[in-house]
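Chemist: Structure file input_28.cif (mmCIF, C-alpha atoms) right here:
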data_input
loop_
_atom_site.label_atom_id
_atom_site.label_comp_id
_atom_site.auth_asym_id
_atom_site.auth_seq_id
_atom_site.Cartn_x
_atom_site.Cartn_y
_atom_site.Cartn_z
CA MET A 1 -13.66 19.22 18.23
CA ASP A 2 -13.20 20.18 14.59
CA GLN A 3 -13.80 17.61 11.90
CA VAL A 4 -10.64 15.87 10.80
CA LEU A 5 -11.85 15.90 7.19
CA THR A 6 -14.76 17.77 5.62
CA ALA A 7 -17.18 16.21 3.17
CA GLN A 8 -15.92 18.43 0.34
CA GLN A 9 -12.27 17.62 1.10
CA ALA A 10 -13.05 13.89 1.10
CA LYS A 11 -14.91 14.05 -2.21
CA SER A 12 -12.22 16.20 -3.84
CA ALA A 13 -9.45 13.92 -2.57
CA ARG A 14 -11.23 10.78 -3.79
CA THR A 15 -11.81 12.34 -7.21
CA ALA A 16 -8.20 13.52 -7.44
CA ALA A 17 -6.99 9.99 -6.65
CA HIS A 18 -9.37 8.57 -9.30
CA LEU A 19 -11.01 6.24 -6.79
CA SER A 20 -14.61 5.05 -6.67
CA GLN A 21 -16.58 5.25 -3.44
CA GLY A 22 -16.82 1.47 -3.55
CA LYS A 23 -13.04 1.06 -3.72
CA VAL A 24 -12.44 3.44 -0.81
CA ALA A 25 -15.16 1.80 1.30
CA THR A 26 -13.87 -1.70 0.55
CA ASP A 27 -10.26 -0.77 1.30
CA LEU A 28 -11.18 0.87 4.62
CA GLY A 29 -13.90 -1.60 5.61
CA ILE A 30 -16.59 1.05 5.91
CA ASN A 31 -20.11 1.16 4.49
CA ARG A 32 -20.08 2.63 0.98
CA SER A 33 -23.52 4.14 1.43
CA TYR A 34 -22.34 6.03 4.49
CA LEU A 35 -19.36 7.34 2.56
CA SER A 36 -21.68 8.52 -0.21
CA LEU A 37 -24.01 10.19 2.26
CA PHE A 38 -21.03 11.80 4.05
CA GLU A 39 -19.66 13.22 0.79
CA SER A 40 -23.06 14.71 0.00
CA GLY A 41 -23.32 16.27 3.48
CA LYS A 42 -26.18 14.03 4.65
CA TYR A 43 -24.26 11.94 7.19
CA VAL A 44 -21.54 12.55 9.77
CA LEU A 45 -18.74 10.00 10.12
CA ASP A 46 -17.03 9.46 13.46
CA ASP A 47 -13.61 11.01 14.07
CA SER A 48 -11.70 7.73 13.79
CA THR A 49 -13.22 7.03 10.36
CA LEU A 50 -12.44 10.58 9.25
CA THR A 51 -8.84 10.13 10.37
CA GLN A 52 -8.71 6.84 8.45
CA LEU A 53 -10.01 8.60 5.33
CA ARG A 54 -7.52 11.44 5.67
CA ASP A 55 -4.60 9.01 6.04
CA TYR A 56 -5.89 6.87 3.16
CA TYR A 57 -6.05 9.79 0.73
CA GLN A 58 -2.64 11.05 1.85
CA ASP A 59 -1.24 7.56 1.22
CA TYR A 60 -2.58 7.89 -2.33
CA GLY A 61 -0.59 11.10 -2.67
CA VAL A 62 -3.46 13.58 -2.46
CA ASN A 63 -3.21 16.84 -0.56
CA LEU A 64 -6.34 17.62 1.36
CA ASP A 65 -7.11 20.55 -0.89
CA GLY A 66 -7.82 17.87 -3.53
CA THR A 67 -4.69 18.19 -5.63
CA PRO A 68 -2.45 15.21 -6.27
CA SER A 69 1.00 15.53 -4.74
CA VAL A 70 2.82 12.28 -5.75
CA PRO A 71 5.07 11.53 -2.80
CA GLY A 72 7.52 8.65 -3.07
CA ASN A 73 5.37 6.36 -0.89
CA ALA A 74 2.09 6.94 -2.76
CA LYS A 75 0.09 3.81 -3.47
CA THR A 76 -0.43 2.73 -7.03
CA MET A 77 -3.80 1.64 -8.22
CA PRO A 78 -4.27 -1.66 -10.02
CA ALA A 79 -4.93 -1.30 -13.74
CA SER A 80 -8.21 -3.17 -13.49
CA THR A 81 -10.36 -4.28 -10.60
CA ALA A 82 -12.73 -6.29 -12.78
CA SER A 83 -10.43 -9.29 -13.02
CA GLU A 84 -9.57 -9.41 -9.31
CA GLY A 85 -12.36 -11.86 -8.50
CA PRO A 86 -15.66 -11.28 -6.74
CA ARG A 87 -16.70 -7.70 -6.07
CA PHE A 88 -18.50 -7.07 -2.80
CA ARG A 89 -20.26 -3.84 -1.90
CA ASP A 90 -22.15 -3.42 1.38
CA GLY A 91 -22.70 -7.16 1.68
CA PHE A 92 -23.74 -7.73 -1.94
CA LEU A 93 -21.83 -9.86 -4.42
CA LEU A 94 -22.15 -7.71 -7.53
CA PRO A 95 -22.70 -9.24 -10.95
CA ASP A 96 -19.81 -8.91 -13.42
CA ALA A 97 -22.00 -6.93 -15.83
CA MET A 98 -22.68 -4.16 -13.28
CA ASP A 99 -20.23 -1.27 -13.27
CA ASP A 100 -19.16 0.50 -10.07
CA ASP A 101 -21.09 3.70 -10.82
CA GLU A 102 -24.36 1.79 -11.28
CA ALA A 103 -23.73 -0.17 -8.08
CA ASP A 104 -22.88 3.02 -6.18
CA ALA A 105 -26.07 4.71 -7.39
CA LEU A 106 -28.23 1.73 -6.39
CA LEU A 107 -26.59 1.42 -2.98
CA THR A 108 -27.00 5.14 -2.32
CA GLU A 109 -30.70 4.97 -3.26
CA TYR A 110 -31.08 1.90 -1.04
CA ALA A 111 -29.54 3.72 1.96
CA GLU A 112 -31.63 6.85 1.36
CA ASN A 113 -34.80 4.75 1.11
CA ARG A 114 -33.95 3.06 4.42
CA GLU A 115 -33.61 6.47 6.07
CA LYS A 116 -36.96 7.57 4.62
CA ILE A 117 -38.61 4.35 5.84
CA SER A 118 -37.24 4.90 9.35
CA ALA A 119 -38.44 8.51 9.39
CA LEU A 120 -41.91 7.57 8.13
CA CYS A 121 -42.22 4.75 10.66
CA ALA A 122 -41.29 7.13 13.48
CA GLU A 123 -43.94 9.74 12.53
CA ASP A 124 -46.52 10.33 15.24
CA LEU A 125 -49.97 10.01 13.68
CA THR A 126 -51.77 11.09 16.86
CA LYS A 127 -51.03 14.78 16.25
CA GLY A 128 -54.06 16.96 16.49
CA PHE A 129 -56.89 17.26 18.98
CA LEU A 130 -59.32 14.78 17.36
CA ASN A 131 -56.68 12.11 16.87
CA SER A 132 -55.65 12.35 20.51
CA LEU A 133 -59.29 11.87 21.59
CA PHE A 134 -60.52 9.27 19.10
CA GLY A 135 -57.35 7.63 17.84
CA VAL A 136 -55.77 7.65 14.42
CA ASP A 137 -58.08 7.41 11.43
CA SER A 138 -56.98 4.52 9.21
CA ASP A 139 -57.54 6.69 6.12
CA GLU A 140 -55.01 9.22 7.45
CA ALA A 141 -52.52 6.42 8.15
CA ALA A 142 -52.95 4.96 4.64
CA GLU A 143 -50.75 7.55 2.90
CA PRO A 144 -47.62 7.13 5.04
CA VAL A 145 -48.15 3.35 5.14
CA ASN A 146 -48.33 3.27 1.33
CA LYS A 147 -45.14 5.35 1.12
CA VAL A 148 -43.33 2.92 3.44
CA LEU A 149 -44.53 -0.09 1.46
CA THR A 150 -43.54 1.55 -1.83
CA LEU A 151 -40.04 2.32 -0.52
CA MET A 152 -39.71 -1.23 0.80
CA ALA A 153 -40.76 -2.64 -2.56
CA ARG A 154 -38.26 -0.39 -4.34
CA ASN A 155 -35.50 -1.56 -2.00
CA PHE A 156 -36.44 -5.16 -2.80
CA ALA A 157 -36.09 -4.34 -6.51
CA ILE A 158 -32.70 -2.73 -5.82
CA ILE A 159 -31.54 -5.85 -3.96
CA GLU A 160 -32.64 -7.98 -6.92
CA GLN A 161 -30.66 -5.76 -9.31
CA LEU A 162 -27.59 -5.85 -7.07
CA GLN A 163 -27.75 -9.63 -7.12
CA GLY A 164 -27.91 -9.66 -10.92
CA HIS A 165 -31.55 -10.66 -11.25
CA ASP A 166 -33.89 -9.11 -13.77
CA THR A 167 -36.89 -7.69 -12.00
CA VAL A 168 -40.32 -6.61 -13.13
CA LEU A 169 -40.34 -3.89 -10.50
CA LEU A 170 -38.25 -1.36 -12.38
CA PRO A 171 -40.10 1.93 -12.87
CA THR A 172 -40.24 3.54 -16.29
CA PRO A 173 -42.51 6.37 -17.45
CA ALA A 174 -43.89 4.15 -20.25
CA GLU A 175 -45.14 1.62 -17.67
CA ALA A 176 -47.17 4.29 -15.91
CA LYS A 177 -49.09 5.05 -19.11
CA ARG A 178 -49.75 1.53 -20.39
CA GLU A 179 -52.69 -0.59 -19.36
CA LYS A 180 -52.03 -2.33 -16.07
CA ARG A 181 -52.69 -6.07 -16.12
CA THR A 182 -50.42 -7.59 -13.50
CA THR A 183 -49.45 -6.81 -9.93
CA GLY A 184 -45.99 -5.91 -11.23
CA ASP A 185 -47.55 -3.34 -13.60
CA PHE A 186 -49.30 -1.67 -10.67
CA VAL A 187 -46.16 -1.73 -8.51
CA SER A 188 -44.07 -0.25 -11.33
CA ALA A 189 -46.68 2.47 -11.85
CA ARG A 190 -46.61 3.18 -8.10
CA PHE A 191 -42.81 3.57 -8.24
CA THR A 192 -43.11 5.99 -11.13
CA GLU A 193 -45.66 8.08 -9.23
CA ALA A 194 -43.99 7.94 -5.81
CA LEU A 195 -40.32 8.08 -6.69
#
How does this structure look as structure tokens?

Modeler:
Amino acid sequence: MDQVLTAQQAKSARTAAHLSQGKVATDLGINRSYLSLFESGKYVLDDSTLTQLRDYYQDYGVNLDGTPSVPGNAKTMPASTASEGPRFRDGFLLPDAMDDDEADALLTEYAENREKISALCAEDLTKGFLNSLFGVDSDEAAEPVNKVLTLMARNFAIIEQLQGHDTVLLPTPAEAKREKRTTGDFVSARFTEAL
């Protein structure tokens, strides 16, 4: 069966309607990270969700080629969503100071990191003749384990940011060069190197 809506059509329609991924996801009750991954061609949505998206964009008066069409029944967007009360994205209550683009970027990184963690955890370390005979060498396992732990720590920092907390685990190039004195300094340096 052909896709009801392609990733490019969805992205073009959303842009033409001047909607954020967060707004679309919230309105349709879908995961914003999945929408982001779908629009970038990294995830496939089920047919019912694609039909929902198609209908949603058409209700906003957008043709599926991405151009606005302005039918009489097109929805109107509120002038501001900031004053509508709490903003939720993928289960997070976002701080007032965080804009939608920043939240979308953090949530996309969070989802991508989760996929990387799953892939790394599923890797078979017994590949190779010697590993199958003698077992996995802990030194060989250290690299993927460190990658998983680094990604998990980064996701923790993302969660802290999404909850409006300042965190010492934000990577910056300057932190990688300065003298490391705390555990947070080493973790930040690891982020800079790994991410």

Chemist: For this file, the PyMOL selection byres ((chain A and resi 21) around 7) selects which residues, as a ChimeraX atom specification?

Modeler: /A:19-20,22-25,32,35-36

Chemist: The PyMOL selection byres ((chain A and resi 31) around 12) - which residues does that actually catch in the file I just gave you? List them as a PyMOL selection string.

Modeler: chain A and resi 21-30+32-38+43+45+49+88-92+104+107-108+111

Chemist: Got a sec: who's within 7 Å of Tyr57 of chain A, counting only C-alpha atoms, leaving out chain neighbours fewer than 5 positions off, as a ChimeraX atom specification?

Modeler: /A:13-14,62

Chemist: Can you write out the residues you just picked, keeping C-alpha atoms, as a short mmCIF file (atom, residue, chain, number, x, y, z; two decimals), keeping the file's coordinate frame?

Modeler:
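Everything below was put into selection-v3.cif:
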data_model
loop_
_atom_site.label_atom_id
_atom_site.label_comp_id
_atom_site.auth_asym_id
_atom_site.auth_seq_id
_atom_site.Cartn_x
_atom_site.Cartn_y
_atom_site.Cartn_z
CA ALA A 13 -9.45 13.92 -2.57
CA ARG A 14 -11.23 10.78 -3.79
CA VAL A 62 -3.46 13.58 -2.46
#

Chemist: Which residues, written as a ChimeraX atom specification, have at least one atom at most 12 Å from Pro144 of chain A, with all atoms listed in the file counted and residues fewer than 2 positions away on the same chain left out?

Modeler: /A:116-125,138-142,146-151,194

Chemist: Would you translate the PyMOL selection byres ((chain A and resi 54) around 8) into the concrete set of residues it matches in this file, as a ChimeraX atom specification?

Modeler: /A:4-5,10,50-53,55-58,64

Chemist: Rounded to one decimal in Å, what is the spacing between atom CA of Arg154 of chain A and atom CA of Val44 of chain A?

Modeler: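 Atom CA of Val44 of chain A lies at a distance of 25.4 Å from atom CA of Arg154 of chain A.
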
Chemist: For atom CA of Ser40 of chain A and atom CA of Asn63 of chain A, quote the distance in Å rounded to one decimal.

Modeler: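 Separating atom CA of Ser40 of chain A from atom CA of Asn63 of chain A is a distance of 20.0 Å.
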
Chemist: Go through A:Asp59, A:Asp185, A:Glu160, A:Glu112 one by one, measure the shortest atom-to-atom distance of each to Leu93 of chain A using all atoms listed in the file, and give the residue with the smallest value.

Modeler: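 For Leu93 of chain A, the nearest of the given residues is A:Glu160.
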
Chemist: In Å, with one decimal, what is the gap from atom CA of Glu115 of chain A to atom CA of Asp101 of chain A?

Modeler: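 For atom CA of Glu115 of chain A relative to atom CA of Asp101 of chain A, the distance reads 21.2 Å.
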
Chemist: May I ask which of the residues A:Gln163, A:Asn155, A:Thr15, A:Gln8 is the closest one to Pro95 of chain A, counting only C-alpha atoms?

Modeler: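 Result for the nearest residue to Pro95 of chain A: A:Gln163.
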
Chemist: Of the residues A:His18, A:Asn113, A:Ala103, A:Asp46, which is the one nearest to Gly61 of chain A, using only C-alpha atoms?

Modeler: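 Going through A:His18, A:Asn113, A:Ala103, A:Asp46 one by one, the smallest distance to Gly61 of chain A is for A:His18.
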
Chemist: Between A:Ala97, A:Gly41, A:Lys127, A:Asp47, which residue has the minimum interatomic distance to His165 of chain A, considering only C-alpha atoms?

Modeler: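 Selected residue with least distance to His165 of chain A: A:Ala97.
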
Chemist: Nearest residue to Leu106 of chain A out of A:Thr182, A:Gln161, A:Thr6, A:Ser12, using only C-alpha atoms?

Modeler: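 Distance minimum relative to Leu106 of chain A lands on A:Gln161.
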